$ cat final35.cif   # mmCIF, C-alpha atoms; chains and numbers go by the auth columns
data_query
#
loop_
_atom_site.group_PDB
_atom_site.id
_atom_site.type_symbol
_atom_site.label_atom_id
_atom_site.label_comp_id
_atom_site.label_asym_id
_atom_site.label_seq_id
_atom_site.Cartn_x
_atom_site.Cartn_y
_atom_site.Cartn_z
_atom_site.B_iso_or_equiv
_atom_site.auth_seq_id
_atom_site.auth_asym_id
ATOM 1 C CA MET A 1 23.112 109.448 70.915 0.00 1 A
ATOM 2 C CA GLU A 2 22.808 105.823 69.813 0.00 2 A
ATOM 3 C CA GLN A 3 23.599 103.236 72.465 0.00 3 A
ATOM 4 C CA GLU A 4 25.864 100.369 71.424 0.00 4 A
ATOM 5 C CA GLU A 5 24.379 96.912 71.767 0.00 5 A
ATOM 6 C CA THR A 6 26.117 94.319 73.950 0.00 6 A
ATOM 7 C CA VAL A 7 26.022 90.530 73.729 0.00 7 A
ATOM 8 C CA GLY A 8 23.680 90.418 76.682 0.00 8 A
ATOM 9 C CA ASP A 9 22.386 87.116 78.085 0.00 9 A
ATOM 10 C CA LEU A 10 24.730 84.411 76.796 0.00 10 A
ATOM 11 C CA ASP A 11 21.911 81.863 76.655 0.00 11 A
ATOM 12 C CA GLN A 12 20.295 84.081 74.010 0.00 12 A
ATOM 13 C CA SER A 13 23.509 84.498 71.992 0.00 13 A
ATOM 14 C CA VAL A 14 23.567 82.406 68.819 0.00 14 A
ATOM 15 C CA GLY A 15 27.367 82.470 68.817 0.00 15 A
ATOM 16 C CA TYR A 16 27.618 81.234 72.395 0.00 16 A
ATOM 17 C CA VAL A 17 25.152 78.393 71.864 0.00 17 A
ATOM 18 C CA LEU A 18 26.906 77.490 68.613 0.00 18 A
ATOM 19 C CA LYS A 19 30.220 77.306 70.496 0.00 19 A
ATOM 20 C CA GLN A 20 28.613 75.060 73.139 0.00 20 A
ATOM 21 C CA VAL A 21 27.357 72.709 70.411 0.00 21 A
ATOM 22 C CA GLN A 22 30.808 72.678 68.789 0.00 22 A
ATOM 23 C CA ALA A 23 32.448 71.859 72.135 0.00 23 A
ATOM 24 C CA SER A 24 29.971 69.052 72.760 0.00 24 A
ATOM 25 C CA LEU A 25 30.584 67.616 69.299 0.00 25 A
ATOM 26 C CA HIS A 26 34.360 67.826 69.772 0.00 26 A
ATOM 27 C CA THR A 27 34.161 66.077 73.168 0.00 27 A
ATOM 28 C CA GLY A 28 31.997 63.299 71.743 0.00 28 A
ATOM 29 C CA MET A 29 34.309 62.850 68.779 0.00 29 A
ATOM 30 C CA ASP A 30 37.342 62.733 71.043 0.00 30 A
ATOM 31 C CA GLU A 31 35.717 59.995 73.163 0.00 31 A
ATOM 32 C CA VAL A 32 34.989 57.707 70.192 0.00 32 A
ATOM 33 C CA LEU A 33 38.244 58.406 68.340 0.00 33 A
ATOM 34 C CA ARG A 34 40.581 57.830 71.293 0.00 34 A
ATOM 35 C CA PRO A 35 40.088 54.019 71.269 0.00 35 A
ATOM 36 C CA LEU A 36 41.040 54.074 67.576 0.00 36 A
ATOM 37 C CA GLY A 37 44.243 55.926 68.449 0.00 37 A
ATOM 38 C CA LEU A 38 43.129 59.083 66.645 0.00 38 A
ATOM 39 C CA THR A 39 42.777 62.726 67.557 0.00 39 A
ATOM 40 C CA VAL A 40 40.038 64.890 66.069 0.00 40 A
ATOM 41 C CA ALA A 41 42.614 66.567 63.797 0.00 41 A
ATOM 42 C CA GLN A 42 43.916 63.189 62.614 0.00 42 A
ATOM 43 C CA TYR A 43 40.369 62.022 61.906 0.00 43 A
ATOM 44 C CA ALA A 44 39.641 65.227 59.974 0.00 44 A
ATOM 45 C CA CYS A 45 42.763 64.633 57.897 0.00 45 A
ATOM 46 C CA LEU A 46 41.760 61.032 57.127 0.00 46 A
ATOM 47 C CA GLU A 47 38.193 62.066 56.247 0.00 47 A
ATOM 48 C CA LEU A 48 39.415 64.812 53.937 0.00 48 A
ATOM 49 C CA LEU A 49 41.861 62.466 52.199 0.00 49 A
ATOM 50 C CA GLY A 50 39.188 59.795 51.906 0.00 50 A
ATOM 51 C CA GLN A 51 36.956 62.233 50.060 0.00 51 A
ATOM 52 C CA HIS A 52 39.707 64.181 48.251 0.00 52 A
ATOM 53 C CA PRO A 53 42.822 62.028 47.690 0.00 53 A
ATOM 54 C CA GLY A 54 45.989 63.904 46.856 0.00 54 A
ATOM 55 C CA LEU A 55 45.367 67.080 48.851 0.00 55 A
ATOM 56 C CA SER A 56 48.488 69.001 49.826 0.00 56 A
ATOM 57 C CA ASN A 57 49.525 69.807 53.387 0.00 57 A
ATOM 58 C CA SER A 58 48.363 73.407 52.941 0.00 58 A
ATOM 59 C CA GLU A 59 44.956 72.415 51.615 0.00 59 A
ATOM 60 C CA LEU A 60 44.476 69.810 54.349 0.00 60 A
ATOM 61 C CA ALA A 61 45.395 72.382 57.011 0.00 61 A
ATOM 62 C CA ARG A 62 42.969 74.943 55.591 0.00 62 A
ATOM 63 C CA ARG A 63 40.087 72.460 55.392 0.00 63 A
ATOM 64 C CA ALA A 64 40.792 70.960 58.843 0.00 64 A
ATOM 65 C CA PHE A 65 41.091 74.397 60.503 0.00 65 A
ATOM 66 C CA VAL A 66 44.662 73.893 61.750 0.00 66 A
ATOM 67 C CA THR A 67 47.981 75.521 60.925 0.00 67 A
ATOM 68 C CA ARG A 68 50.269 74.073 58.249 0.00 68 A
ATOM 69 C CA GLN A 69 52.776 73.260 60.980 0.00 69 A
ATOM 70 C CA SER A 70 50.162 71.352 62.981 0.00 70 A
ATOM 71 C CA MET A 71 49.013 69.500 59.875 0.00 71 A
ATOM 72 C CA ASN A 72 52.585 68.523 59.120 0.00 72 A
ATOM 73 C CA LEU A 73 52.762 66.824 62.541 0.00 73 A
ATOM 74 C CA VAL A 74 49.389 65.148 61.962 0.00 74 A
ATOM 75 C CA LEU A 75 50.547 63.837 58.592 0.00 75 A
ATOM 76 C CA ARG A 76 53.847 62.610 59.996 0.00 76 A
ATOM 77 C CA ARG A 77 52.127 60.652 62.784 0.00 77 A
ATOM 78 C CA LEU A 78 49.581 59.120 60.411 0.00 78 A
ATOM 79 C CA GLN A 79 52.356 58.193 57.999 0.00 79 A
ATOM 80 C CA GLU A 80 54.354 56.570 60.833 0.00 80 A
ATOM 81 C CA ARG A 81 51.294 54.431 61.600 0.00 81 A
ATOM 82 C CA GLY A 82 51.051 53.388 57.951 0.00 82 A
ATOM 83 C CA LEU A 83 47.693 55.096 57.408 0.00 83 A
ATOM 84 C CA LEU A 84 48.820 57.327 54.541 0.00 84 A
ATOM 85 C CA THR A 85 51.567 57.781 52.001 0.00 85 A
ATOM 86 C CA ARG A 86 53.382 60.877 50.810 0.00 86 A
ATOM 87 C CA PRO A 87 56.123 60.985 48.203 0.00 87 A
ATOM 88 C CA ASP A 88 59.602 61.953 49.373 0.00 88 A
ATOM 89 C CA HIS A 89 59.817 64.609 46.663 0.00 89 A
ATOM 90 C CA ALA A 90 57.165 66.692 44.933 0.00 90 A
ATOM 91 C CA ALA A 91 56.582 65.862 41.270 0.00 91 A
ATOM 92 C CA HIS A 92 55.623 69.498 40.576 0.00 92 A
ATOM 93 C CA GLY A 93 56.265 72.519 42.770 0.00 93 A
ATOM 94 C CA ARG A 94 56.527 71.923 46.515 0.00 94 A
ATOM 95 C CA ALA A 95 53.230 70.163 47.285 0.00 95 A
ATOM 96 C CA LEU A 96 53.434 66.535 48.414 0.00 96 A
ATOM 97 C CA PRO A 97 50.124 64.899 47.472 0.00 97 A
ATOM 98 C CA THR A 98 48.920 62.580 50.218 0.00 98 A
ATOM 99 C CA GLU A 99 46.818 59.426 49.906 0.00 99 A
ATOM 100 C CA LEU A 100 45.378 56.867 52.297 0.00 100 A
ATOM 101 C CA THR A 101 46.750 53.341 52.478 0.00 101 A
ATOM 102 C CA ARG A 102 44.456 50.317 52.820 0.00 102 A
ATOM 103 C CA ALA A 103 45.019 50.487 56.577 0.00 103 A
ATOM 104 C CA GLY A 104 44.136 54.181 56.457 0.00 104 A
ATOM 105 C CA GLU A 105 40.919 53.444 54.572 0.00 105 A
ATOM 106 C CA ALA A 106 39.952 50.772 57.126 0.00 106 A
ATOM 107 C CA THR A 107 40.699 53.094 60.048 0.00 107 A
ATOM 108 C CA LEU A 108 38.780 55.907 58.383 0.00 108 A
ATOM 109 C CA ARG A 109 35.739 53.673 57.903 0.00 109 A
ATOM 110 C CA LYS A 110 35.627 52.800 61.632 0.00 110 A
ATOM 111 C CA ALA A 111 36.244 56.410 62.665 0.00 111 A
ATOM 112 C CA SER A 112 33.663 57.821 60.265 0.00 112 A
ATOM 113 C CA VAL A 113 30.969 55.435 61.532 0.00 113 A
ATOM 114 C CA ALA A 114 31.806 56.357 65.138 0.00 114 A
ATOM 115 C CA VAL A 115 31.784 60.107 64.440 0.00 115 A
ATOM 116 C CA ARG A 116 28.496 59.863 62.534 0.00 116 A
ATOM 117 C CA ALA A 117 26.933 58.149 65.559 0.00 117 A
ATOM 118 C CA VAL A 118 28.099 61.029 67.782 0.00 118 A
ATOM 119 C CA GLU A 119 26.625 63.550 65.361 0.00 119 A
ATOM 120 C CA GLN A 120 23.334 61.662 65.138 0.00 120 A
ATOM 121 C CA GLN A 121 23.073 61.477 68.935 0.00 121 A
ATOM 122 C CA LEU A 122 23.892 65.159 69.393 0.00 122 A
ATOM 123 C CA PHE A 123 21.311 66.306 66.863 0.00 123 A
ATOM 124 C CA SER A 124 18.659 63.686 67.713 0.00 124 A
ATOM 125 C CA PRO A 125 16.333 66.284 69.300 0.00 125 A
ATOM 126 C CA LEU A 126 15.914 67.733 65.792 0.00 126 A
ATOM 127 C CA SER A 127 13.979 66.028 63.019 0.00 127 A
ATOM 128 C CA PRO A 128 15.820 65.278 59.758 0.00 128 A
ATOM 129 C CA ALA A 129 14.053 68.280 58.201 0.00 129 A
ATOM 130 C CA GLN A 130 15.127 70.531 61.090 0.00 130 A
ATOM 131 C CA GLN A 131 18.708 69.265 60.780 0.00 131 A
ATOM 132 C CA ARG A 132 18.729 70.081 57.050 0.00 132 A
ATOM 133 C CA ARG A 133 17.319 73.530 57.788 0.00 133 A
ATOM 134 C CA LEU A 134 19.959 74.175 60.461 0.00 134 A
ATOM 135 C CA ARG A 135 22.756 73.055 58.119 0.00 135 A
ATOM 136 C CA ASP A 136 21.370 75.184 55.282 0.00 136 A
ATOM 137 C CA ASP A 137 20.941 78.236 57.538 0.00 137 A
ATOM 138 C CA LEU A 138 24.496 77.938 58.871 0.00 138 A
ATOM 139 C CA ALA A 139 25.872 77.438 55.353 0.00 139 A
ATOM 140 C CA ARG A 140 24.084 80.629 54.298 0.00 140 A
ATOM 141 C CA VAL A 141 25.737 82.514 57.164 0.00 141 A
ATOM 142 C CA LEU A 142 29.158 81.222 56.055 0.00 142 A
ATOM 143 C CA LYS A 143 28.611 82.413 52.492 0.00 143 A
ATOM 144 C CA ARG A 144 28.192 85.958 53.787 0.00 144 A
ATOM 145 C CA SER A 145 31.409 85.967 55.780 0.00 145 A
#
$ encode --input "final35.cif" --output "structure tokens"
Amino acid sequence: MEQEETVGDLDQSVGYVLKQVQASLHTGMDEVLRPLGLTVAQYACLELLGQHPGLSNSELARRAFVTRQSMNLVLRRLQERGLLTRPDHAAHGRALPTELTRAGEATLRKASVAVRAVEQQLFSPLSPAQQRRLRDDLARVLKRS
């Protein structure tokens, strides 16, 4: 009879260590974004729109790993602050394409620099080549799922 394998020692679990790294990154991002008046989800939304203007609520939610309902709240708050624009009515279908305002672009620039510094600090024990290898290895795992 074959014995089922358990997770075992958490320190040896890739998934557990990966979750610890993600939590550390999230905490660091939260610390640098808070003075800018942003949450991690709001920053993710701004970054996505900066790189892909016109994304719909559904696409933003999918790419930012939040629900459509949560993204709707994120978008509303960013719009209230004047960081993005959305039309009142969809030109085609139901999607409301969203774009950053000048204030949104300026806020994104500050936030992106701050988040990059957090990422660089977190991964500083690894050389640039090791960081590329880690990113490539993790991307390969995602392609299989």
$ residues_around --input "final35.cif" --residues "Leu10 of chain A" --least-positions-apart "5" --cutoff "12 Å" --atoms "all atoms listed in the file" --output "list in words"
Gly15, Tyr16, Val17, Leu18, Lys19 and Gln20 of chain A
$ write_last_selection --input "final35.cif" --atoms "C-alpha atoms" --output "PDB file, in the coordinates of the input"
ATOM      1  CA  GLY A  15      27.367  82.470  68.817  1.00  0.00           C
ATOM      2  CA  TYR A  16      27.618  81.234  72.395  1.00  0.00           C
ATOM      3  CA  VAL A  17      25.152  78.393  71.864  1.00  0.00           C
ATOM      4  CA  LEU A  18      26.906  77.490  68.613  1.00  0.00           C
ATOM      5  CA  LYS A  19      30.220  77.306  70.496  1.00  0.00           C
ATOM      6  CA  GLN A  20      28.613  75.060  73.139  1.00  0.00           C
TER       7      GLN A  20
END
$ residues_around --input "final35.cif" --residues "His26 of chain A" --least-positions-apart "2" --cutoff "12 Å" --atoms "all atoms listed in the file" --output "list of chain:residue names"
A:Lys19, A:Gln20, A:Val21, A:Gln22, A:Ala23, A:Ser24, A:Gly28, A:Met29, A:Asp30, A:Glu31, A:Val32, A:Leu33, A:Arg34, A:Thr39, A:Val40, A:Ala41, A:Tyr43, A:Ala44, A:Val115, A:Val118, A:Glu119, A:Leu122
$ closest_residue --input "final35.cif" --among "A:Leu38, A:Ser56, A:Lys143, A:Leu83" --to "Arg68 of chain A" --atoms "only C-alpha atoms"
A:Ser56
$ atom_distance --input "final35.cif" --atom1 "atom CA of Asn57 of chain A" --atom2 "atom CA of Gln69 of chain A"
9.0 Å
$ atom_distance --input "final35.cif" --atom1 "atom CA of Leu73 of chain A" --atom2 "atom CA of Ala139 of chain A"
29.8 Å
$ residues_around --input "final35.cif" --residues "segment 102-106 of chain A" --least-positions-apart "6" --cutoff "9 Å" --atoms "all atoms listed in the file" --output "number ranges by chain"
A: 46, 50, 78, 81-84
$ resolve_selection --input "final35.cif" --expression "the PyMOL selection byres ((chain A and resi 71) around 9)" --output "list in words"
Ala41, Gln42, Cys45, Asn57, Ser58, Leu60, Ala61, Ala64, Val66, Thr67, Arg68, Gln69, Ser70, Asn72, Leu73, Val74, Leu75 and Arg76 of chain A
$ closest_residue --input "final35.cif" --among "A:Val141, A:Leu100, A:Leu108, A:Val14" --to "Pro53 of chain A" --atoms "all atoms listed in the file"
A:Leu100
$ residues_around --input "final35.cif" --residues "Ser112 of chain A" --least-positions-apart "5" --cutoff "9 Å" --atoms "all atoms listed in the file" --output "PyMOL selection string"
chain A and resi 43+47+107+117
$ atom_distance --input "final35.cif" --atom1 "atom CA of Arg77 of chain A" --atom2 "atom CA of Glu99 of chain A"
14.0 Å
$ closest_residue --input "final35.cif" --among "A:Ser124, A:Lys110, A:Arg132, A:Glu59" --to "Pro35 of chain A" --atoms "all atoms listed in the file"
A:Lys110
